[in-house]
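For reference, run.tsv (TSV, C-alpha atoms and all ligand atoms):
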chain	number	residue	atom	x	y	z
H	1	MET	CA	-9.83	24.03	-12.06
H	2	ASP	CA	-9.87	26.52	-14.93
H	3	SER	CA	-13.08	25.43	-16.64
H	4	GLY	CA	-13.15	28.68	-18.68
H	5	ALA	CA	-10.04	27.72	-20.67
H	6	PRO	CA	-10.65	26.79	-24.31
H	7	ASP	CA	-10.95	23.12	-25.23
H	8	LEU	CA	-7.75	21.22	-25.92
H	9	PRO	CA	-7.23	21.07	-29.68
H	10	VAL	CA	-7.56	17.89	-31.75
H	11	ASP	CA	-5.92	17.55	-35.15
H	12	PRO	CA	-8.14	16.97	-38.19
H	13	LEU	CA	-8.91	13.38	-39.04
H	14	GLU	CA	-6.39	13.15	-41.90
H	15	ILE	CA	-3.59	14.10	-39.48
H	16	LEU	CA	-4.85	11.75	-36.74
H	17	ARG	CA	-4.83	8.93	-39.27
H	18	GLN	CA	-1.07	9.40	-39.67
H	19	ARG	CA	-0.52	8.29	-36.06
H	20	ARG	CA	1.17	4.88	-35.85
H	21	SER	CA	-0.42	3.85	-32.52
H	22	ALA	CA	-2.85	0.95	-32.07
H	23	LYS	CA	-5.97	3.12	-32.06
H	24	TRP	CA	-5.21	4.49	-35.52
H	25	GLN	CA	-3.75	1.34	-37.10
H	26	THR	CA	-6.20	-1.38	-36.09
H	27	TYR	CA	-9.06	-0.53	-38.46
H	28	PRO	CA	-9.28	0.35	-42.16
H	29	ALA	CA	-9.06	4.05	-43.04
H	30	ASP	CA	-12.82	4.49	-43.47
H	31	VAL	CA	-13.54	3.45	-39.85
H	32	LEU	CA	-13.77	6.07	-37.07
H	33	PRO	CA	-12.00	4.46	-34.07
H	34	LEU	CA	-13.48	5.31	-30.65
H	35	THR	CA	-11.88	2.23	-29.15
H	36	VAL	CA	-8.73	1.65	-27.10
H	37	ALA	CA	-8.02	4.19	-24.33
H	38	GLU	CA	-5.79	6.60	-26.22
H	39	MET	CA	-6.70	10.27	-26.55
H	40	ASP	CA	-6.73	12.36	-29.72
H	41	PHE	CA	-5.54	15.58	-28.02
H	42	ALA	CA	-2.04	16.93	-28.61
H	43	LEU	CA	0.47	16.09	-25.86
H	44	ALA	CA	0.86	18.45	-22.89
H	45	ALA	CA	3.58	21.01	-23.73
H	46	PRO	CA	5.93	20.12	-20.82
H	47	VAL	CA	5.61	16.43	-21.70
H	48	ALA	CA	6.35	17.00	-25.39
H	49	ALA	CA	9.28	19.27	-24.45
H	50	SER	CA	10.76	16.61	-22.16
H	51	LEU	CA	10.72	14.14	-25.05
H	52	ARG	CA	12.18	16.62	-27.53
H	53	GLU	CA	14.96	17.53	-25.11
H	54	ALA	CA	15.79	13.86	-24.57
H	55	ILE	CA	16.05	13.35	-28.33
H	56	GLU	CA	18.27	16.45	-28.60
H	57	ARG	CA	20.60	14.93	-25.99
H	58	SER	CA	20.55	11.54	-27.79
H	59	ASP	CA	19.37	10.37	-24.39
H	60	ALA	CA	17.84	7.02	-25.31
H	61	GLY	CA	19.59	4.61	-22.97
H	62	TYR	CA	18.24	2.60	-20.06
H	63	ALA	CA	15.85	4.17	-17.59
H	64	LEU	CA	16.81	5.15	-14.07
H	65	ALA	CA	13.58	5.92	-12.24
H	66	VAL	CA	15.10	6.51	-8.78
H	67	PRO	CA	14.73	9.06	-7.24
H	68	ASP	CA	12.91	11.30	-9.74
H	69	LEU	CA	9.78	9.23	-10.37
H	70	GLY	CA	8.97	8.68	-6.68
H	71	ARG	CA	9.47	12.37	-5.89
H	72	ALA	CA	7.33	13.45	-8.84
H	73	ILE	CA	4.48	11.09	-7.92
H	74	ALA	CA	4.68	12.06	-4.23
H	75	GLY	CA	4.54	15.78	-5.12
H	76	PHE	CA	1.54	15.30	-7.40
H	77	ALA	CA	-0.34	13.05	-4.97
H	78	ALA	CA	0.18	15.52	-2.12
H	79	SER	CA	-1.03	18.55	-4.06
H	80	ARG	CA	-3.82	16.85	-5.98
H	81	TRP	CA	-5.21	14.35	-3.50
H	82	ASN	CA	-3.70	15.30	-0.15
H	83	TRP	CA	-2.08	11.85	-0.19
H	84	ASP	CA	1.23	11.58	1.60
H	85	ILE	CA	3.47	9.11	-0.28
H	86	ASP	CA	7.02	8.24	0.73
H	87	PRO	CA	9.04	8.60	-2.52
H	88	ALA	CA	11.10	5.59	-1.41
H	89	ALA	CA	7.92	3.48	-1.40
H	90	VAL	CA	7.41	4.04	-5.14
H	91	THR	CA	8.69	1.23	-7.37
H	92	ALA	CA	8.81	1.75	-11.11
H	93	VAL	CA	7.42	-1.01	-13.32
H	94	THR	CA	7.03	-1.33	-17.08
H	95	ASP	CA	3.31	-0.64	-17.08
H	96	VAL	CA	0.27	-1.22	-14.88
H	97	GLY	CA	-0.23	-4.70	-16.34
H	98	VAL	CA	3.30	-5.74	-15.44
H	99	GLY	CA	2.91	-4.23	-11.97
H	100	VAL	CA	-0.29	-6.16	-11.27
H	101	VAL	CA	1.05	-9.45	-12.65
H	102	GLU	CA	4.30	-9.18	-10.65
H	103	LEU	CA	2.29	-8.40	-7.49
H	104	LEU	CA	0.08	-11.43	-8.13
H	105	ARG	CA	3.10	-13.66	-8.69
H	106	VAL	CA	4.30	-12.79	-5.18
H	107	LEU	CA	0.88	-12.77	-3.49
H	108	THR	CA	-0.59	-15.99	-4.90
H	109	ARG	CA	0.20	-19.68	-5.13
H	110	PRO	CA	-0.82	-21.69	-8.20
H	111	GLY	CA	-4.59	-22.04	-8.34
H	112	ASP	CA	-5.36	-19.42	-5.69
H	113	ALA	CA	-8.49	-17.39	-6.40
H	114	VAL	CA	-8.22	-13.69	-7.24
H	115	VAL	CA	-11.39	-11.59	-7.33
H	116	ILE	CA	-12.32	-9.05	-10.01
H	117	SER	CA	-15.53	-7.11	-10.62
H	118	PRO	CA	-16.83	-7.20	-14.22
H	119	PRO	CA	-17.63	-5.36	-16.32
H	120	VAL	CA	-13.96	-4.48	-16.08
H	121	TYR	CA	-10.90	-3.59	-18.16
H	122	PRO	CA	-10.43	-6.74	-20.32
H	123	PRO	CA	-6.76	-7.54	-19.45
H	124	PHE	CA	-7.84	-8.17	-15.83
H	125	PHE	CA	-9.19	-11.48	-17.17
H	126	ASP	CA	-5.73	-12.31	-18.56
H	127	TRP	CA	-3.42	-10.98	-15.84
H	128	ILE	CA	-4.72	-13.41	-13.20
H	129	PRO	CA	-4.15	-16.65	-15.16
H	130	GLU	CA	-0.85	-15.18	-16.40
H	131	ALA	CA	0.27	-15.16	-12.76
H	132	GLY	CA	-0.97	-18.75	-12.30
H	133	ALA	CA	-4.04	-17.80	-10.26
H	134	ARG	CA	-7.75	-18.42	-10.83
H	135	LEU	CA	-10.42	-15.83	-11.59
H	136	LEU	CA	-13.29	-15.33	-9.18
H	137	GLU	CA	-15.81	-12.89	-10.63
H	138	VAL	CA	-17.97	-10.70	-8.40
H	139	PRO	CA	-19.79	-8.40	-10.83
H	140	LEU	CA	-20.59	-4.80	-10.06
H	141	ARG	CA	-24.18	-4.09	-9.08
H	142	ARG	CA	-26.29	-2.10	-11.52
H	143	GLY	CA	-28.68	0.23	-9.73
H	144	SER	CA	-30.81	3.15	-10.79
H	145	ALA	CA	-27.91	5.54	-10.11
H	146	GLY	CA	-25.32	3.47	-11.96
H	147	TRP	CA	-22.78	0.74	-11.29
H	148	THR	CA	-21.30	0.20	-7.83
H	149	LEU	CA	-19.21	-2.35	-5.97
H	150	ASP	CA	-21.41	-5.16	-4.65
H	151	LEU	CA	-20.09	-5.17	-1.09
H	152	GLY	CA	-22.38	-7.99	0.05
H	153	ALA	CA	-21.25	-10.28	-2.76
H	154	LEU	CA	-17.63	-9.24	-2.20
H	155	GLU	CA	-17.91	-10.21	1.46
H	156	ALA	CA	-19.29	-13.63	0.49
H	157	ALA	CA	-16.40	-14.08	-1.96
H	158	PHE	CA	-13.77	-12.84	0.53
H	159	ALA	CA	-15.10	-15.37	3.06
H	160	THR	CA	-13.86	-18.12	0.71
H	161	HIS	CA	-10.31	-16.75	1.22
H	162	PRO	CA	-9.16	-15.60	-2.19
H	163	ALA	CA	-5.55	-14.40	-2.25
H	164	ALA	CA	-6.31	-10.95	-3.65
H	165	TYR	CA	-8.84	-8.54	-5.11
H	166	VAL	CA	-7.89	-6.44	-8.12
H	167	LEU	CA	-9.84	-3.21	-7.69
H	168	CYS	CA	-10.33	-0.77	-10.55
H	169	ASN	CA	-10.41	2.67	-8.88
H	170	PRO	CA	-11.89	4.57	-10.71
H	171	HIS	CA	-13.60	1.80	-12.60
H	172	ASN	CA	-13.12	1.23	-16.34
H	173	PRO	CA	-15.49	0.86	-18.28
H	174	VAL	CA	-18.34	2.21	-16.11
H	175	GLY	CA	-16.48	5.36	-15.02
H	176	ARG	CA	-17.39	5.02	-11.37
H	177	ALA	CA	-15.27	6.90	-8.81
H	178	HIS	CA	-15.85	4.65	-5.79
H	179	THR	CA	-16.76	6.71	-2.72
H	180	VAL	CA	-14.86	7.01	0.56
H	181	GLY	CA	-17.62	5.02	2.25
H	182	GLU	CA	-17.49	2.18	-0.28
H	183	LEU	CA	-13.70	2.00	-0.20
H	184	ALA	CA	-13.60	2.11	3.59
H	185	ALA	CA	-16.08	-0.77	3.73
H	186	LEU	CA	-14.02	-2.68	1.16
H	187	ALA	CA	-10.81	-2.14	3.15
H	188	ARG	CA	-12.60	-3.31	6.30
H	189	LEU	CA	-13.67	-6.53	4.57
H	190	ALA	CA	-10.17	-7.08	3.17
H	191	ARG	CA	-8.66	-6.76	6.67
H	192	LEU	CA	-11.29	-9.02	8.19
H	193	TYR	CA	-10.77	-11.82	5.65
H	194	ARG	CA	-7.05	-11.14	4.98
H	195	VAL	CA	-7.43	-10.43	1.30
H	196	THR	CA	-4.80	-8.17	-0.29
H	197	ILE	CA	-6.19	-5.42	-2.52
H	198	ILE	CA	-4.31	-4.35	-5.62
H	199	SER	CA	-5.83	-0.99	-6.49
H	200	ASP	CA	-5.39	-0.11	-10.17
H	201	GLU	CA	-5.54	3.70	-9.94
H	202	ILE	CA	-4.40	4.53	-13.46
H	203	HIS	CA	-7.58	6.58	-14.03
H	204	GLY	CA	-7.21	8.48	-10.71
H	205	PRO	CA	-6.12	11.76	-12.33
H	206	LEU	CA	-9.06	11.50	-14.76
H	207	VAL	CA	-11.86	12.21	-12.29
H	208	LEU	CA	-14.22	14.68	-13.96
H	209	PRO	CA	-15.88	17.73	-12.39
H	210	GLY	CA	-18.54	16.67	-9.90
H	211	ALA	CA	-16.70	13.62	-8.53
H	212	THR	CA	-13.69	12.93	-6.31
H	213	PHE	CA	-10.94	10.35	-6.57
H	214	THR	CA	-10.12	8.61	-3.30
H	215	PRO	CA	-6.74	6.84	-3.33
H	216	LEU	CA	-7.35	3.58	-1.50
H	217	LEU	CA	-4.18	3.93	0.59
H	218	THR	CA	-5.48	7.16	2.17
H	219	LEU	CA	-8.14	5.20	4.07
H	220	PRO	CA	-7.49	4.16	7.65
H	221	GLY	CA	-6.13	0.62	7.87
H	222	ALA	CA	-5.70	0.23	4.10
H	223	ALA	CA	-1.90	0.52	4.10
H	224	GLU	CA	-1.43	-2.88	5.72
H	225	ILE	CA	-3.56	-4.77	3.19
H	226	ALA	CA	-3.36	-2.77	-0.06
H	227	VAL	CA	-1.03	-1.50	-2.75
H	228	SER	CA	-1.72	1.06	-5.44
H	229	VAL	CA	-0.60	0.89	-9.06
H	230	LEU	CA	-0.41	4.28	-10.76
H	231	SER	CA	0.77	5.76	-14.01
H	232	ALA	CA	0.81	9.01	-15.96
H	233	SER	CA	0.01	7.02	-19.08
H	234	LYS	CA	-3.80	7.42	-19.23
H	235	ALA	CA	-4.12	11.02	-18.09
H	236	TRP	CA	-1.26	12.34	-20.26
H	237	ASN	CA	-1.62	9.80	-23.08
H	238	LEU	CA	1.78	8.09	-22.78
H	239	ALA	CA	0.79	4.41	-22.94
H	240	GLY	CA	3.41	3.50	-25.54
H	241	LEU	CA	6.30	4.84	-23.46
H	242	LYS	CA	6.05	2.20	-20.72
H	243	CYS	CA	6.34	3.43	-17.18
H	244	ALA	CA	4.07	2.89	-14.19
H	245	ALA	CA	4.59	2.67	-10.44
H	246	VAL	CA	3.62	0.43	-7.55
H	247	VAL	CA	3.07	2.42	-4.35
H	248	THR	CA	3.07	0.92	-0.86
H	249	ALA	CA	2.52	2.44	2.57
H	250	SER	CA	3.42	-0.28	5.10
H	251	PRO	CA	6.40	-2.55	5.79
H	252	GLY	CA	4.29	-5.63	4.98
H	253	MET	CA	3.34	-4.42	1.52
H	254	ALA	CA	6.87	-3.06	0.89
H	255	ALA	CA	8.11	-6.61	1.58
H	256	VAL	CA	5.84	-7.88	-1.21
H	257	VAL	CA	7.41	-5.44	-3.69
H	258	ASP	CA	10.89	-6.35	-2.42
H	259	ARG	CA	10.28	-9.82	-3.80
H	260	PHE	CA	9.92	-8.54	-7.39
H	261	PRO	CA	12.56	-9.94	-9.79
H	262	ALA	CA	15.71	-7.80	-9.55
H	263	ASP	CA	15.88	-7.35	-13.30
H	264	ILE	CA	12.52	-5.56	-13.44
H	265	ARG	CA	14.15	-2.14	-13.13
H	266	TRP	CA	15.78	-2.62	-16.55
H	267	ARG	CA	12.43	-3.25	-18.24
H	268	ILE	CA	11.05	0.27	-17.86
H	269	GLY	CA	10.86	2.73	-20.76
H	270	HIS	CA	13.37	5.57	-20.41
H	271	PHE	CA	11.05	7.95	-22.27
H	272	GLY	CA	8.26	6.66	-20.05
H	273	VAL	CA	10.13	7.78	-16.92
H	274	ILE	CA	11.16	11.11	-18.44
H	275	THR	CA	7.63	11.97	-19.55
H	276	ALA	CA	5.98	10.69	-16.35
H	277	VAL	CA	8.25	12.95	-14.30
H	278	ALA	CA	7.41	15.90	-16.59
H	279	ALA	CA	3.68	15.11	-16.37
H	280	PHE	CA	3.54	14.73	-12.60
H	281	THR	CA	5.72	17.79	-11.91
H	282	ALA	CA	4.61	20.24	-14.63
H	283	GLY	CA	1.51	18.72	-16.21
H	284	GLU	CA	-1.23	19.83	-13.81
H	285	PRO	CA	-2.41	22.94	-15.70
H	286	TRP	CA	-2.78	20.85	-18.87
H	287	LEU	CA	-4.57	18.12	-16.90
H	288	ASP	CA	-7.06	20.70	-15.60
H	289	ARG	CA	-7.72	21.86	-19.13
H	290	LEU	CA	-8.10	18.24	-20.25
H	291	LEU	CA	-10.69	17.57	-17.54
H	292	ALA	CA	-12.66	20.69	-18.48
H	293	THR	CA	-12.56	19.60	-22.12
H	294	LEU	CA	-13.67	16.06	-21.26
H	295	ASP	CA	-16.47	17.45	-19.09
H	296	ARG	CA	-17.80	19.36	-22.10
H	297	ARG	CA	-17.37	16.31	-24.37
H	298	ARG	CA	-19.32	14.23	-21.86
H	299	ALA	CA	-22.14	16.81	-21.98
H	300	LEU	CA	-22.05	16.86	-25.78
H	301	LEU	CA	-22.22	13.08	-25.91
H	302	ALA	CA	-25.23	13.15	-23.57
H	303	THR	CA	-27.02	15.52	-25.96
H	304	LEU	CA	-26.07	13.54	-29.06
H	305	LEU	CA	-27.19	10.25	-27.51
H	306	ARG	CA	-30.46	11.71	-26.26
H	307	GLU	CA	-31.33	13.29	-29.59
H	308	ARG	CA	-30.01	10.69	-32.00
H	309	LEU	CA	-29.83	7.35	-30.22
H	310	PRO	CA	-32.62	7.35	-27.62
H	311	MET	CA	-32.71	3.54	-27.72
H	312	LEU	CA	-29.30	3.49	-25.94
H	313	SER	CA	-28.94	4.19	-22.23
H	314	TRP	CA	-25.96	5.04	-20.02
H	315	HIS	CA	-24.83	6.57	-16.78
H	316	PRO	CA	-22.41	9.38	-17.69
H	317	PRO	CA	-19.03	8.48	-16.18
H	318	GLU	CA	-17.71	10.28	-13.10
H	319	ALA	CA	-14.16	9.51	-14.24
H	320	THR	CA	-12.31	8.38	-17.39
H	321	TYR	CA	-13.17	9.41	-20.95
H	322	LEU	CA	-15.08	6.21	-21.58
H	323	ALA	CA	-18.84	5.80	-21.99
H	324	TRP	CA	-20.35	2.42	-21.18
H	325	LEU	CA	-23.41	2.27	-23.42
H	326	ASN	CA	-26.31	-0.09	-22.94
H	327	CYS	CA	-27.18	-0.94	-26.55
H	328	ALA	CA	-29.25	-4.04	-25.74
H	329	ALA	CA	-32.16	-2.57	-27.74
H	330	LEU	CA	-30.02	-3.32	-30.81
H	331	GLY	CA	-29.28	-6.92	-29.86
H	332	PRO	CA	-27.43	-9.14	-27.38
H	333	ASP	CA	-23.74	-10.06	-27.10
H	334	ASN	CA	-21.53	-7.99	-29.40
H	335	LYS	CA	-24.24	-7.49	-32.03
H	336	PRO	CA	-24.69	-3.73	-31.41
H	337	ARG	CA	-20.95	-3.12	-31.74
H	338	ASP	CA	-20.77	-5.30	-34.87
H	339	ARG	CA	-23.64	-3.36	-36.37
H	340	PHE	CA	-21.98	0.01	-35.66
H	341	LEU	CA	-18.76	-1.28	-37.21
H	342	ASP	CA	-20.12	-3.14	-40.21
H	343	HIS	CA	-22.85	-0.69	-41.21
H	344	GLY	CA	-21.71	2.60	-39.68
H	345	ARG	CA	-17.91	2.21	-39.92
H	346	VAL	CA	-17.56	3.34	-36.29
H	347	ALA	CA	-15.47	1.14	-34.00
H	348	LEU	CA	-16.41	0.86	-30.32
H	349	GLU	CA	-15.09	-1.73	-27.85
H	350	PRO	CA	-17.38	-4.80	-27.77
H	351	GLY	CA	-19.17	-5.27	-24.46
H	352	LEU	CA	-18.37	-8.95	-24.02
H	353	ARG	CA	-14.65	-8.19	-23.77
H	354	PHE	CA	-15.48	-6.75	-20.31
H	355	GLY	CA	-17.14	-9.95	-19.13
H	356	ALA	CA	-20.39	-11.83	-19.75
H	357	ILE	CA	-22.26	-8.99	-18.04
H	358	GLY	CA	-21.22	-6.80	-20.98
H	359	SER	CA	-23.66	-8.54	-23.36
H	360	GLY	CA	-25.48	-5.86	-25.37
H	361	TYR	CA	-23.03	-3.12	-24.28
H	362	ALA	CA	-20.33	-1.20	-26.12
H	363	ARG	CA	-17.66	1.20	-24.79
H	364	LEU	CA	-17.16	4.51	-26.53
H	365	ASN	CA	-14.00	6.63	-26.11
H	366	PHE	CA	-14.95	10.32	-26.12
H	367	ALA	CA	-11.43	11.79	-25.78
H	368	THR	CA	-11.66	13.31	-29.22
H	369	SER	CA	-13.05	16.34	-31.03
H	370	SER	CA	-16.68	17.47	-31.07
H	371	GLU	CA	-16.62	16.97	-34.86
H	372	ILE	CA	-15.58	13.33	-34.58
H	373	LEU	CA	-18.21	12.67	-31.89
H	374	ASP	CA	-20.81	14.31	-34.10
H	375	GLN	CA	-19.77	12.22	-37.08
H	376	ALA	CA	-19.56	9.00	-35.05
H	377	THR	CA	-23.05	9.37	-33.58
H	378	THR	CA	-24.47	10.23	-37.00
H	379	ARG	CA	-22.99	7.01	-38.36
H	380	MET	CA	-24.24	5.06	-35.34
H	381	VAL	CA	-27.81	6.30	-35.98
H	382	GLN	CA	-27.63	5.25	-39.61
H	383	SER	CA	-26.37	1.76	-38.70
H	384	ALA	CA	-29.01	1.39	-35.96
H	385	LEU	CA	-31.94	2.11	-38.30
K	401	LIG	C1	-7.98	0.15	-15.60
K	401	LIG	C2	-6.78	0.09	-16.50
K	401	LIG	N1	-5.65	-0.47	-16.06
K	401	LIG	C3	-4.56	-0.53	-16.84
K	401	LIG	C4	-4.56	-0.03	-18.12
K	401	LIG	C5	-3.35	-0.19	-18.97
K	401	LIG	O1	-2.25	0.29	-18.33
K	401	LIG	P1	-0.82	-0.11	-18.83
K	401	LIG	O2	-0.76	0.21	-20.29
K	401	LIG	O3	0.07	0.76	-18.00
K	401	LIG	O4	-0.66	-1.56	-18.53
K	401	LIG	C6	-5.72	0.56	-18.63
K	401	LIG	C7	-5.74	1.07	-19.98
K	401	LIG	O5	-6.69	1.57	-20.48
K	401	LIG	C8	-6.85	0.62	-17.79
K	401	LIG	O6	-7.99	1.18	-18.22
Can you present the structure in this file as structure tokens?
Amino acid sequence: MDSGAPDLPVDPLEILRQRRSAKWQTYPADVLPLTVAEMDFALAAPVAASLREAIERSDAGYALAVPDLGRAIAGFAASRWNWDIDPAAVTAVTDVGVGVVELLRVLTRPGDAVVISPPVYPPFFDWIPEAGARLLEVPLRRGSAGWTLDLGALEAAFATHPAAYVLCNPHNPVGRAHTVGELAALARLARLYRVTIISDEIHGPLVLPGATFTPLLTLPGAAEIAVSVLSASKAWNLAGLKCAAVVTASPGMAAVVDRFPADIRWRIGHFGVITAVAAFTAGEPWLDRLLATLDRRRALLATLLRERLPMLSWHPPEATYLAWLNCAALGPDNKPRDRFLDHGRVALEPGLRFGAIGSGYARLNFATSSEILDQATTRMVQSAL
């Protein structure tokens, strides 16, 4: 990775505020939003060019993801992660949420339990009931080195025969890149108790220097009991364009995907496919520069928190551009976040959205400029006093 390259640029605040996306439209103009997982960097040049060229061609019809998307993902996975994917085993879906819900519709019967590990990406709590299944929560374990999968508690839960486990790999909001050993143990348990794992790997490309992303399907024996759901949308900031992919590596799991509704292929964003193909085939140099930039932002945030907000604690994330901050010194539940918003005009994601274990926490999105981080932490200090 070229860590010597200059930081990716971020437009000034008055330009960012012109964006029409959720991050920039949800709060009044005097609030600094460090909320939903969108980045403030400019798009990668090959991605922006692919969109511009499509507009020039008036190419805004229905998407056709086959065969380009599978080939692009397979090429990227091989070079980046040494993961051998069969392009024919890649199925395009609208987004990761749709992919997980459609998988659950096939894998579960009404009322079946599906395990998740809070604190976790809030829609996990919605996707499972949306598919007619029942949530079974097995929280992560908080140790001195950070948050990890609680394999003992997962085994106890798997022994009750849930239909599936939705894994977040790497894990939003704690930023944990689960290790080979942890994932191998998880896959072993899943095989033993016949629990299918849906591995949400949307943050896979966003592993920061010092950590490694392990695609679950690269582990021995995982292919028979697991599927991966991937997207270019987090790492290249394309969430509004609507394209993700379900990846399988065994006939049994391919048969699950074969049961998806036939019409699903018409529900994918055409610009989503075009930009995902551009990102996976030509977006690696930009991704490397992004990761170097995020690494420096993570270090800056560590300094700012230490100097200005010593009452907060955190474990710097190994992956993602999200910081899971323990703000319990400022109050329980969502009180710290409310205080930052009401008194500091800084919006963070409220901890309780990630589960009851998120009481007293807030999630901060640091995929922005040093200036905005500086301003945000200054405002947080003032509201905390
Ligand atoms: C773990 C995780 N999964 C899924 C998503 C959303 O993906 P999509 O917009 O493709 O549904 C996010 C967004 O931040 C996420 O963090």
*Set the cut-off to 6 Å, count only C-alpha atoms and all ligand atoms, and list whatever residues fall near ligand LIG 401 (chain K) as number ranges by chain.*
H: 37, 95-97, 121, 168, 172, 200, 202, 239, 244
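Distances to Leu154 in chain H were evaluated for H:Pro170, H:Gly252, H:Gly221, H:Pro139 using only C-alpha atoms, and the minimum falls at H:Pro139.
Using all atoms listed in the file, the contacts of range 266-274 of chain H at a cut-off of 7 Å, with sequence neighbours closer than 6 positions omitted, comprise Ser50, Leu51, Ala60, Gly61, Tyr62, Ala63, Ala65, Leu69, Val93, Thr94, Leu241, Lys242 and Cys243 of chain H.
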*Would you kindly identify which residues have an atom no farther than 6 Å from (-10.9, -12.9, -6.4), using only C-alpha atoms and the file's own coordinates, and write them out as a VMD selection string?*
chain H and resid 113 to 116 135 to 136 162 164 to 165
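CA of Ala42 in chain H to CA of Phe76 in chain H spans 21.6 Å [interatomic distance, one decimal].
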_Residues near Val98 in chain H, cut-off 12 Å, only C-alpha atoms, skip fewer than 2 positions along chain, as a PyMOL selection string_ = chain H and resi 91-96+100-105+123-124+126-128+130-131+200+229-231+242-246+260-261+264-265+267-268
Is there a way to get, as an mmCIF file with C-alpha atoms, in the coordinates of the input, all residues within 12 Å of the point (-22.8, 15.7, -17.1) in file coordinates, counting all atoms listed in the file?
data_model
loop_
_atom_site.group_PDB
_atom_site.id
_atom_site.type_symbol
_atom_site.label_atom_id
_atom_site.label_comp_id
_atom_site.auth_asym_id
_atom_site.auth_seq_id
_atom_site.Cartn_x
_atom_site.Cartn_y
_atom_site.Cartn_z
ATOM 1 C CA LEU H 208 -14.220 14.680 -13.960
ATOM 2 C CA PRO H 209 -15.880 17.730 -12.390
ATOM 3 C CA GLY H 210 -18.540 16.670 -9.900
ATOM 4 C CA ALA H 211 -16.700 13.620 -8.530
ATOM 5 C CA ALA H 292 -12.660 20.690 -18.480
ATOM 6 C CA LEU H 294 -13.670 16.060 -21.260
ATOM 7 C CA ASP H 295 -16.470 17.450 -19.090
ATOM 8 C CA ARG H 296 -17.800 19.360 -22.100
ATOM 9 C CA ARG H 297 -17.370 16.310 -24.370
ATOM 10 C CA ARG H 298 -19.320 14.230 -21.860
ATOM 11 C CA ALA H 299 -22.140 16.810 -21.980
ATOM 12 C CA LEU H 300 -22.050 16.860 -25.780
ATOM 13 C CA LEU H 301 -22.220 13.080 -25.910
ATOM 14 C CA ALA H 302 -25.230 13.150 -23.570
ATOM 15 C CA THR H 303 -27.020 15.520 -25.960
ATOM 16 C CA TRP H 314 -25.960 5.040 -20.020
ATOM 17 C CA HIS H 315 -24.830 6.570 -16.780
ATOM 18 C CA PRO H 316 -22.410 9.380 -17.690
ATOM 19 C CA PRO H 317 -19.030 8.480 -16.180
ATOM 20 C CA GLU H 318 -17.710 10.280 -13.100
ATOM 21 C CA ALA H 319 -14.160 9.510 -14.240
ATOM 22 C CA ALA H 323 -18.840 5.800 -21.990
#
_So that I can see what lies close to Arg308 in chain H, please list as a VMD selection string the residues with an atom at most 9 Å from it, counting only C-alpha atoms and leaving out residues fewer than 6 positions away in the same chain._
chain H and resid 377 to 378 380 to 381
*Provide the CA of Pro118 in chain H to CA of Val227 in chain H distance in Å, to one decimal place.*
20.3 Å
*Would you work out the distance separating CA of Leu167 in chain H from CA of Ala235 in chain H, expressed in Å to one decimal?*
18.5 Å
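Closest approach to Glu349 in chain H among H:Val195, H:Leu34, H:Ala29, H:Ala89 is made by H:Leu34 (distances from all atoms listed in the file).
Using all atoms listed in the file, the nearest neighbour of Pro46 in chain H within the list H:Leu238, H:Ile357, H:Ala279, H:Ala223 is H:Ala279.
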Listed atoms of range 156-169 of chain H boxed axis-aligned with 5 Å per side, centre + edges as JSON:
{"center_x": -12.4, "center_y": -7.7, "center_z": -3.7, "size_x": 23.7, "size_y": 30.8, "size_z": 23.6}
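Nearest residue to His178 in chain H, choosing from H:Trp147, H:Trp236, H:Tyr321, H:Phe41 and counting all atoms listed in the file: H:Trp147.
Every protein, DNA or RNA residue with an atom at most 10 Å from range 351-354 of chain H, where all atoms listed in the file count and chain neighbours fewer than 5 positions away do not, is listed here: Ser117, Pro118, Pro119, Val120, Tyr121, Pro122, Pro123, Phe124, Phe125, Asn172, Pro173, Trp324, Leu325, Asn326, Cys327, Pro332, Asp333, Asn334, Lys335, Pro336, Arg337, Ser359, Gly360, Tyr361, Ala362 and Arg363 of chain H.
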Go ahead and save the residues from that selection, with C-alpha atoms, as an mmCIF file, in the coordinates of the input.
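Once everything was written out, this is result.cif:
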data_model
loop_
_atom_site.group_PDB
_atom_site.id
_atom_site.type_symbol
_atom_site.label_atom_id
_atom_site.label_comp_id
_atom_site.auth_asym_id
_atom_site.auth_seq_id
_atom_site.Cartn_x
_atom_site.Cartn_y
_atom_site.Cartn_z
ATOM 1 C CA SER H 117 -15.530 -7.110 -10.620
ATOM 2 C CA PRO H 118 -16.830 -7.200 -14.220
ATOM 3 C CA PRO H 119 -17.630 -5.360 -16.320
ATOM 4 C CA VAL H 120 -13.960 -4.480 -16.080
ATOM 5 C CA TYR H 121 -10.900 -3.590 -18.160
ATOM 6 C CA PRO H 122 -10.430 -6.740 -20.320
ATOM 7 C CA PRO H 123 -6.760 -7.540 -19.450
ATOM 8 C CA PHE H 124 -7.840 -8.170 -15.830
ATOM 9 C CA PHE H 125 -9.190 -11.480 -17.170
ATOM 10 C CA ASN H 172 -13.120 1.230 -16.340
ATOM 11 C CA PRO H 173 -15.490 0.860 -18.280
ATOM 12 C CA TRP H 324 -20.350 2.420 -21.180
ATOM 13 C CA LEU H 325 -23.410 2.270 -23.420
ATOM 14 C CA ASN H 326 -26.310 -0.090 -22.940
ATOM 15 C CA CYS H 327 -27.180 -0.940 -26.550
ATOM 16 C CA PRO H 332 -27.430 -9.140 -27.380
ATOM 17 C CA ASP H 333 -23.740 -10.060 -27.100
ATOM 18 C CA ASN H 334 -21.530 -7.990 -29.400
ATOM 19 C CA LYS H 335 -24.240 -7.490 -32.030
ATOM 20 C CA PRO H 336 -24.690 -3.730 -31.410
ATOM 21 C CA ARG H 337 -20.950 -3.120 -31.740
ATOM 22 C CA SER H 359 -23.660 -8.540 -23.360
ATOM 23 C CA GLY H 360 -25.480 -5.860 -25.370
ATOM 24 C CA TYR H 361 -23.030 -3.120 -24.280
ATOM 25 C CA ALA H 362 -20.330 -1.200 -26.120
ATOM 26 C CA ARG H 363 -17.660 1.200 -24.790
#
